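What's in work.cif: mmCIF, N, CA and C atoms
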data_start
loop_
_atom_site.label_atom_id
_atom_site.label_comp_id
_atom_site.auth_asym_id
_atom_site.auth_seq_id
_atom_site.Cartn_x
_atom_site.Cartn_y
_atom_site.Cartn_z
N MET H 1 111.25 123.02 103.58
CA MET H 1 110.54 122.43 102.46
C MET H 1 109.06 122.75 102.59
N ASN H 2 108.44 123.02 101.50
CA ASN H 2 107.03 123.39 101.46
C ASN H 2 106.17 122.20 101.87
N PRO H 3 105.15 122.41 102.72
CA PRO H 3 104.32 121.27 103.14
C PRO H 3 103.47 120.69 102.01
N LEU H 4 103.31 121.40 100.91
CA LEU H 4 102.52 120.88 99.80
C LEU H 4 103.34 119.98 98.88
N MET H 5 104.65 119.91 99.06
CA MET H 5 105.50 119.10 98.18
C MET H 5 105.15 117.62 98.22
N PRO H 6 104.93 116.99 99.38
CA PRO H 6 104.55 115.58 99.35
C PRO H 6 103.23 115.34 98.63
N LEU H 7 102.27 116.24 98.80
CA LEU H 7 100.99 116.11 98.11
C LEU H 7 101.17 116.23 96.60
N THR H 8 101.95 117.21 96.18
CA THR H 8 102.22 117.39 94.76
C THR H 8 102.93 116.17 94.18
N GLY H 9 103.89 115.65 94.91
CA GLY H 9 104.60 114.46 94.46
C GLY H 9 103.68 113.26 94.34
N LYS H 10 102.77 113.10 95.29
CA LYS H 10 101.84 111.97 95.24
C LYS H 10 100.90 112.09 94.04
N ILE H 11 100.39 113.27 93.78
CA ILE H 11 99.49 113.46 92.63
C ILE H 11 100.23 113.17 91.33
N LEU H 12 101.45 113.70 91.20
CA LEU H 12 102.24 113.44 89.99
C LEU H 12 102.53 111.96 89.83
N MET H 13 102.89 111.30 90.92
CA MET H 13 103.23 109.89 90.84
C MET H 13 102.01 109.05 90.48
N ASP H 14 100.85 109.36 91.03
CA ASP H 14 99.65 108.60 90.71
C ASP H 14 99.32 108.70 89.23
N HIS H 15 99.40 109.90 88.67
CA HIS H 15 99.10 110.07 87.25
C HIS H 15 100.14 109.39 86.37
N LEU H 16 101.41 109.47 86.76
CA LEU H 16 102.45 108.80 85.98
C LEU H 16 102.31 107.29 86.07
N MET H 17 102.02 106.76 87.25
CA MET H 17 101.87 105.32 87.41
C MET H 17 100.68 104.80 86.61
N ASP H 18 99.60 105.56 86.60
CA ASP H 18 98.44 105.13 85.81
C ASP H 18 98.80 105.06 84.33
N ALA H 19 99.57 106.01 83.85
CA ALA H 19 99.94 106.02 82.44
C ALA H 19 100.95 104.92 82.12
N VAL H 20 101.87 104.66 83.04
CA VAL H 20 102.92 103.67 82.77
C VAL H 20 102.43 102.25 82.99
N LEU H 21 101.66 102.02 84.04
CA LEU H 21 101.30 100.66 84.42
C LEU H 21 99.98 100.18 83.85
N ALA H 22 99.24 101.02 83.18
CA ALA H 22 97.97 100.60 82.58
C ALA H 22 97.91 101.01 81.12
N PRO H 23 98.74 100.39 80.26
CA PRO H 23 98.79 100.82 78.87
C PRO H 23 97.63 100.34 78.02
N ASP H 24 96.73 99.48 78.55
CA ASP H 24 95.63 98.97 77.75
C ASP H 24 94.71 100.07 77.27
N HIS H 25 94.49 101.11 78.08
CA HIS H 25 93.59 102.17 77.65
C HIS H 25 94.20 102.99 76.52
N LEU H 26 95.51 102.91 76.35
CA LEU H 26 96.14 103.64 75.25
C LEU H 26 95.98 102.92 73.93
N THR H 27 95.97 101.58 73.95
CA THR H 27 95.90 100.83 72.71
C THR H 27 94.49 100.37 72.37
N GLY H 28 93.60 100.32 73.33
CA GLY H 28 92.23 99.89 73.07
C GLY H 28 92.11 98.40 72.82
N GLN H 29 93.05 97.59 73.28
CA GLN H 29 93.04 96.16 73.03
C GLN H 29 92.53 95.34 74.21
N LYS H 30 91.91 96.00 75.16
CA LYS H 30 91.50 95.28 76.37
C LYS H 30 90.41 94.25 76.07
N LYS H 31 89.45 94.58 75.21
CA LYS H 31 88.38 93.63 74.88
C LYS H 31 88.93 92.43 74.13
N LEU H 32 89.85 92.67 73.20
CA LEU H 32 90.45 91.56 72.46
C LEU H 32 91.24 90.66 73.38
N ARG H 33 92.00 91.25 74.29
CA ARG H 33 92.76 90.45 75.25
C ARG H 33 91.83 89.62 76.13
N THR H 34 90.74 90.23 76.57
CA THR H 34 89.79 89.51 77.43
C THR H 34 89.15 88.36 76.67
N ALA H 35 88.73 88.60 75.43
CA ALA H 35 88.09 87.55 74.63
C ALA H 35 89.05 86.40 74.36
N LEU H 36 90.29 86.72 74.02
CA LEU H 36 91.27 85.66 73.76
C LEU H 36 91.63 84.91 75.04
N SER H 37 91.64 85.60 76.17
CA SER H 37 91.92 84.94 77.44
C SER H 37 90.80 83.97 77.81
N VAL H 38 89.56 84.39 77.59
CA VAL H 38 88.42 83.51 77.87
C VAL H 38 88.46 82.30 76.96
N LEU H 39 88.74 82.51 75.67
CA LEU H 39 88.83 81.40 74.72
C LEU H 39 89.93 80.42 75.12
N ALA H 40 91.08 80.95 75.51
CA ALA H 40 92.18 80.08 75.94
C ALA H 40 91.81 79.32 77.22
N GLY H 41 91.12 79.99 78.15
CA GLY H 41 90.71 79.33 79.38
C GLY H 41 89.72 78.21 79.14
N VAL H 42 88.74 78.46 78.29
CA VAL H 42 87.75 77.41 77.98
C VAL H 42 88.43 76.24 77.29
N SER H 43 89.32 76.52 76.34
CA SER H 43 90.04 75.45 75.63
C SER H 43 90.91 74.65 76.60
N PHE H 44 91.55 75.34 77.54
CA PHE H 44 92.39 74.68 78.52
C PHE H 44 91.56 73.75 79.41
N VAL H 45 90.41 74.22 79.85
CA VAL H 45 89.56 73.40 80.72
C VAL H 45 89.04 72.18 79.96
N LEU H 46 88.59 72.37 78.71
CA LEU H 46 88.11 71.24 77.92
C LEU H 46 89.24 70.23 77.66
N GLY H 47 90.40 70.72 77.27
CA GLY H 47 91.53 69.83 77.02
C GLY H 47 91.94 69.09 78.28
N GLY H 48 92.00 69.80 79.40
CA GLY H 48 92.33 69.15 80.66
C GLY H 48 91.30 68.10 81.06
N GLY H 49 90.03 68.40 80.78
CA GLY H 49 88.98 67.43 81.08
C GLY H 49 89.13 66.15 80.28
N PHE H 50 89.41 66.28 78.99
CA PHE H 50 89.59 65.09 78.16
C PHE H 50 90.85 64.31 78.55
N ILE H 51 91.92 65.01 78.90
CA ILE H 51 93.13 64.32 79.36
C ILE H 51 92.85 63.58 80.65
N LEU H 52 92.12 64.22 81.55
CA LEU H 52 91.78 63.59 82.82
C LEU H 52 90.88 62.37 82.61
N TYR H 53 89.93 62.49 81.70
CA TYR H 53 89.05 61.36 81.40
C TYR H 53 89.84 60.20 80.78
N GLY H 54 90.74 60.53 79.87
CA GLY H 54 91.58 59.48 79.28
C GLY H 54 92.47 58.82 80.32
N PHE H 55 93.00 59.62 81.24
CA PHE H 55 93.81 59.07 82.32
C PHE H 55 92.99 58.14 83.20
N TYR H 56 91.76 58.53 83.47
CA TYR H 56 90.85 57.70 84.28
C TYR H 56 90.54 56.39 83.56
N LEU H 57 90.27 56.46 82.26
CA LEU H 57 89.99 55.23 81.50
C LEU H 57 91.21 54.31 81.46
N TRP H 58 92.39 54.89 81.33
CA TRP H 58 93.61 54.08 81.34
C TRP H 58 93.80 53.41 82.69
N LEU H 59 93.51 54.16 83.77
CA LEU H 59 93.64 53.58 85.10
C LEU H 59 92.62 52.47 85.34
N LEU H 60 91.44 52.58 84.71
CA LEU H 60 90.43 51.53 84.88
C LEU H 60 90.90 50.18 84.35
N HIS H 61 91.77 50.21 83.34
CA HIS H 61 92.28 48.95 82.81
C HIS H 61 93.31 48.32 83.74
N ASN H 62 93.93 49.12 84.60
CA ASN H 62 94.98 48.60 85.47
C ASN H 62 94.55 48.45 86.93
N TYR H 63 93.54 49.22 87.36
CA TYR H 63 93.10 49.22 88.76
C TYR H 63 91.59 49.10 88.81
N SER H 64 91.09 48.88 90.02
CA SER H 64 89.64 48.87 90.19
C SER H 64 89.13 50.31 90.10
N SER H 65 87.82 50.48 89.93
CA SER H 65 87.26 51.81 89.69
C SER H 65 87.46 52.75 90.88
N ASP H 66 87.40 52.27 92.10
CA ASP H 66 87.58 53.17 93.24
C ASP H 66 89.04 53.66 93.34
N ILE H 67 89.99 52.78 93.09
CA ILE H 67 91.40 53.20 93.12
C ILE H 67 91.69 54.15 91.95
N ALA H 68 91.13 53.88 90.79
CA ALA H 68 91.33 54.75 89.62
C ALA H 68 90.76 56.15 89.89
N ALA H 69 89.57 56.21 90.52
CA ALA H 69 88.96 57.50 90.84
C ALA H 69 89.82 58.25 91.88
N MET H 70 90.37 57.53 92.85
CA MET H 70 91.19 58.17 93.87
C MET H 70 92.49 58.72 93.27
N ILE H 71 93.12 57.96 92.40
CA ILE H 71 94.35 58.43 91.76
C ILE H 71 94.06 59.63 90.87
N THR H 72 92.93 59.60 90.16
CA THR H 72 92.55 60.72 89.30
C THR H 72 92.29 61.97 90.15
N GLY H 73 91.59 61.83 91.25
CA GLY H 73 91.34 62.96 92.14
C GLY H 73 92.63 63.52 92.73
N LEU H 74 93.53 62.63 93.10
CA LEU H 74 94.83 63.07 93.63
C LEU H 74 95.62 63.83 92.57
N ALA H 75 95.56 63.37 91.33
CA ALA H 75 96.25 64.07 90.24
C ALA H 75 95.65 65.46 90.05
N CYS H 76 94.32 65.57 90.17
CA CYS H 76 93.67 66.89 90.07
C CYS H 76 94.12 67.81 91.18
N LEU H 77 94.20 67.30 92.40
CA LEU H 77 94.64 68.12 93.53
C LEU H 77 96.09 68.57 93.38
N VAL H 78 96.95 67.69 92.90
CA VAL H 78 98.35 68.06 92.69
C VAL H 78 98.45 69.14 91.62
N PHE H 79 97.70 68.98 90.53
CA PHE H 79 97.71 69.98 89.46
C PHE H 79 97.18 71.32 89.96
N ALA H 80 96.09 71.29 90.76
CA ALA H 80 95.54 72.54 91.30
C ALA H 80 96.53 73.20 92.24
N GLY H 81 97.20 72.43 93.08
CA GLY H 81 98.19 73.00 93.99
C GLY H 81 99.37 73.62 93.25
N ALA H 82 99.83 72.94 92.20
CA ALA H 82 100.93 73.49 91.41
C ALA H 82 100.49 74.77 90.71
N SER H 83 99.26 74.80 90.21
CA SER H 83 98.75 76.00 89.55
C SER H 83 98.66 77.17 90.52
N LEU H 84 98.16 76.91 91.72
CA LEU H 84 98.07 77.97 92.73
C LEU H 84 99.45 78.46 93.15
N LEU H 85 100.41 77.56 93.26
CA LEU H 85 101.78 77.96 93.60
C LEU H 85 102.37 78.86 92.50
N ILE H 86 102.15 78.49 91.25
CA ILE H 86 102.64 79.30 90.14
C ILE H 86 101.97 80.67 90.15
N LEU H 87 100.66 80.72 90.37
CA LEU H 87 99.96 82.01 90.44
C LEU H 87 100.50 82.87 91.58
N TRP H 88 100.74 82.27 92.73
CA TRP H 88 101.28 83.02 93.86
C TRP H 88 102.66 83.57 93.53
N LEU H 89 103.51 82.76 92.90
CA LEU H 89 104.85 83.23 92.53
C LEU H 89 104.79 84.36 91.51
N ILE H 90 103.88 84.29 90.56
CA ILE H 90 103.72 85.37 89.58
C ILE H 90 103.26 86.64 90.27
N ASP H 91 102.28 86.54 91.16
CA ASP H 91 101.80 87.72 91.90
C ASP H 91 102.91 88.31 92.76
N TRP H 92 103.67 87.46 93.43
CA TRP H 92 104.77 87.94 94.27
C TRP H 92 105.81 88.68 93.44
N TYR H 93 106.19 88.11 92.30
CA TYR H 93 107.19 88.73 91.44
C TYR H 93 106.67 90.06 90.88
N THR H 94 105.41 90.07 90.44
CA THR H 94 104.83 91.30 89.89
C THR H 94 104.76 92.38 90.96
N HIS H 95 104.33 92.03 92.16
CA HIS H 95 104.25 93.00 93.25
C HIS H 95 105.63 93.56 93.58
N ARG H 96 106.63 92.69 93.62
CA ARG H 96 107.98 93.12 93.92
C ARG H 96 108.51 94.06 92.84
N ARG H 97 108.25 93.72 91.58
CA ARG H 97 108.70 94.56 90.48
C ARG H 97 108.00 95.92 90.48
N LEU H 98 106.68 95.92 90.72
CA LEU H 98 105.94 97.19 90.78
C LEU H 98 106.40 98.05 91.95
N THR H 99 106.70 97.43 93.07
CA THR H 99 107.18 98.19 94.22
C THR H 99 108.52 98.85 93.91
N ARG H 100 109.41 98.11 93.26
CA ARG H 100 110.71 98.69 92.88
C ARG H 100 110.51 99.84 91.89
N MET H 101 109.64 99.64 90.91
CA MET H 101 109.40 100.68 89.92
C MET H 101 108.79 101.91 90.57
N ARG H 102 107.86 101.70 91.48
CA ARG H 102 107.23 102.83 92.18
C ARG H 102 108.26 103.60 93.00
N GLU H 103 109.18 102.88 93.66
CA GLU H 103 110.22 103.55 94.44
C GLU H 103 111.16 104.36 93.54
N GLU H 104 111.50 103.80 92.37
CA GLU H 104 112.36 104.52 91.45
C GLU H 104 111.70 105.80 90.95
N VAL H 105 110.44 105.66 90.52
CA VAL H 105 109.72 106.83 90.01
C VAL H 105 109.52 107.85 91.12
N SER H 106 109.24 107.37 92.32
CA SER H 106 109.06 108.28 93.45
C SER H 106 110.34 109.06 93.72
N GLY H 107 111.48 108.38 93.66
CA GLY H 107 112.76 109.06 93.86
C GLY H 107 113.04 110.09 92.78
N ILE H 108 112.72 109.75 91.54
CA ILE H 108 112.92 110.69 90.43
C ILE H 108 112.03 111.91 90.60
N ILE H 109 110.75 111.67 90.91
CA ILE H 109 109.82 112.79 91.08
C ILE H 109 110.25 113.65 92.26
N GLN H 110 110.66 113.01 93.35
CA GLN H 110 111.09 113.77 94.52
C GLN H 110 112.30 114.63 94.18
N GLY H 111 113.24 114.07 93.41
CA GLY H 111 114.40 114.84 93.00
C GLY H 111 114.03 116.02 92.12
N VAL H 112 113.11 115.81 91.19
CA VAL H 112 112.67 116.90 90.32
C VAL H 112 111.97 117.99 91.13
N ILE H 113 111.12 117.58 92.06
CA ILE H 113 110.40 118.55 92.88
C ILE H 113 111.38 119.36 93.74
N GLU H 114 112.35 118.67 94.34
CA GLU H 114 113.32 119.37 95.19
C GLU H 114 114.19 120.33 94.38
N SER H 115 114.62 119.89 93.18
CA SER H 115 115.44 120.79 92.37
C SER H 115 114.63 121.98 91.88
N ALA H 116 113.36 121.73 91.52
CA ALA H 116 112.50 122.84 91.10
C ALA H 116 112.25 123.79 92.27
N ALA H 117 112.06 123.24 93.45
CA ALA H 117 111.82 124.09 94.62
C ALA H 117 113.06 124.93 94.94
N ASP H 118 114.24 124.32 94.79
CA ASP H 118 115.47 125.08 95.05
C ASP H 118 115.64 126.21 94.04
N GLU H 119 115.38 125.92 92.78
CA GLU H 119 115.58 126.93 91.74
C GLU H 119 114.52 128.03 91.78
N LEU H 120 113.31 127.67 92.19
CA LEU H 120 112.22 128.64 92.14
C LEU H 120 112.00 129.39 93.45
N SER H 121 112.62 128.97 94.52
CA SER H 121 112.34 129.60 95.81
C SER H 121 112.81 131.06 95.85
N GLU H 122 113.97 131.35 95.29
CA GLU H 122 114.49 132.72 95.31
C GLU H 122 113.62 133.68 94.48
N PRO H 123 113.29 133.36 93.21
CA PRO H 123 112.42 134.28 92.46
C PRO H 123 111.03 134.46 93.08
N ILE H 124 110.54 133.41 93.73
CA ILE H 124 109.23 133.52 94.37
C ILE H 124 109.30 134.49 95.55
N LYS H 125 110.38 134.42 96.31
CA LYS H 125 110.54 135.33 97.45
C LYS H 125 110.70 136.77 96.98
N GLU H 126 111.35 136.98 95.83
CA GLU H 126 111.56 138.33 95.32
C GLU H 126 110.29 138.91 94.69
N ASN H 127 109.49 138.09 94.01
CA ASN H 127 108.28 138.55 93.30
C ASN H 127 107.09 137.68 93.68
N PRO H 128 106.53 137.85 94.86
CA PRO H 128 105.45 136.95 95.29
C PRO H 128 104.16 137.11 94.48
N LYS H 129 103.85 138.32 94.04
CA LYS H 129 102.61 138.52 93.27
C LYS H 129 102.71 137.87 91.90
N THR H 130 103.83 138.01 91.24
CA THR H 130 104.03 137.37 89.94
C THR H 130 104.00 135.85 90.09
N ALA H 131 104.60 135.35 91.16
CA ALA H 131 104.60 133.91 91.40
C ALA H 131 103.18 133.41 91.64
N LEU H 132 102.38 134.18 92.36
CA LEU H 132 100.99 133.79 92.60
C LEU H 132 100.21 133.75 91.30
N LEU H 133 100.39 134.75 90.46
CA LEU H 133 99.71 134.78 89.17
C LEU H 133 100.13 133.60 88.30
N ALA H 134 101.42 133.29 88.27
CA ALA H 134 101.92 132.16 87.48
C ALA H 134 101.35 130.84 88.01
N SER H 135 101.28 130.69 89.31
CA SER H 135 100.76 129.43 89.87
C SER H 135 99.27 129.27 89.58
N VAL H 136 98.53 130.37 89.60
CA VAL H 136 97.10 130.29 89.26
C VAL H 136 96.94 129.87 87.80
N LEU H 137 97.73 130.45 86.91
CA LEU H 137 97.65 130.07 85.49
C LEU H 137 98.03 128.61 85.27
N VAL H 138 99.09 128.17 85.94
CA VAL H 138 99.49 126.77 85.81
C VAL H 138 98.41 125.85 86.36
N GLY H 139 97.78 126.23 87.46
CA GLY H 139 96.70 125.43 88.03
C GLY H 139 95.51 125.33 87.10
N VAL H 140 95.16 126.44 86.47
CA VAL H 140 94.03 126.43 85.53
C VAL H 140 94.36 125.54 84.32
N LEU H 141 95.56 125.67 83.80
CA LEU H 141 95.97 124.86 82.65
C LEU H 141 96.03 123.36 83.02
N ALA H 142 96.59 123.08 84.17
CA ALA H 142 96.66 121.68 84.61
C ALA H 142 95.27 121.10 84.85
N GLY H 143 94.39 121.89 85.43
CA GLY H 143 93.02 121.42 85.67
C GLY H 143 92.28 121.15 84.38
N SER H 144 92.49 121.98 83.38
CA SER H 144 91.81 121.73 82.10
C SER H 144 92.41 120.54 81.38
N ARG H 145 93.69 120.27 81.56
CA ARG H 145 94.34 119.12 80.91
C ARG H 145 93.99 117.80 81.58
N LEU H 146 93.91 117.81 82.91
CA LEU H 146 93.67 116.59 83.66
C LEU H 146 92.21 116.18 83.68
N ARG H 147 91.34 117.08 83.30
CA ARG H 147 89.93 116.75 83.29
C ARG H 147 89.61 115.94 82.13
#

Spit out the file's structure as structure tokens when you get a sec.
Amino acid sequence: MNPLMPLTGKILMDHLMDAVLAPDHLTGQKKLRTALSVLAGVSFVLGGGFILYGFYLWLLHNYSSDIAAMITGLACLVFAGASLLILWLIDWYTHRRLTRMREEVSGIIQGVIESAADELSEPIKENPKTALLASVLVGVLAGSRLR
């Protein structure tokens, strides 16, 4: 096997993964998504603050102010812990899914490279100068496309 095959496979996989896993640059909706995410985050924080304040006022009618503040703080800590657990689970699932997808694409690319190498090895051995000229032309075309 040619020693340049792993390098070629890595370059192909990086470009394919960028195209598959980062579709925002294709649609141009990244700014809109960011703005809507910020708006949702601010609304969530304000809503949570008012709910927490209402909870504190309700507790003041049933408990003394120090106990009400402690229960409110404990509720905040429980909510923060649950949020962090959910974020960790989402990151874990996403990482696992991306790893599986990367392995699948890597296997497909490796298979294509190996089949191309098998099919092209004999003509290259028979006509090395023509093969060199073809590879130079493909390199120039690929370089102009990838730039």

If you measure from atom N of Glu103 (chain H) to atom N of Ala116 (chain H), what distance in Å do you get, rounded to one decimal?
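Interatomic distance here is 19.4 Å.
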
Excluding region 56-58 of chain H and its own-chain neighbours fewer than 6 positions away, which residues fall within 8 Å of it when counting all atoms listed in the file? Please give them as number ranges by chain.
H: 50, 68-69, 71-72

Please compute the atom C of Phe55 (chain H)-CA of Leu87 (chain H) distance, one decimal, in Å.
25.9 Å

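For the atom pair formed by atom N of Arg100 (chain H) and atom C of Asp118 (chain H), the distance is 28.8 Å, given to one decimal.
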
Enclose region 128-145 of chain H, meaning all of its atoms listed in the file, in a box aligned along x, y and z, pad it by 4 Å on each side, and list the centre and edge lengths in Å to one decimal, as lines of an AutoDock Vina configuration file.
center_x = 99.2
center_y = 128.2
center_z = 88.1
size_x = 22.7
size_y = 28.7
size_z = 22.4
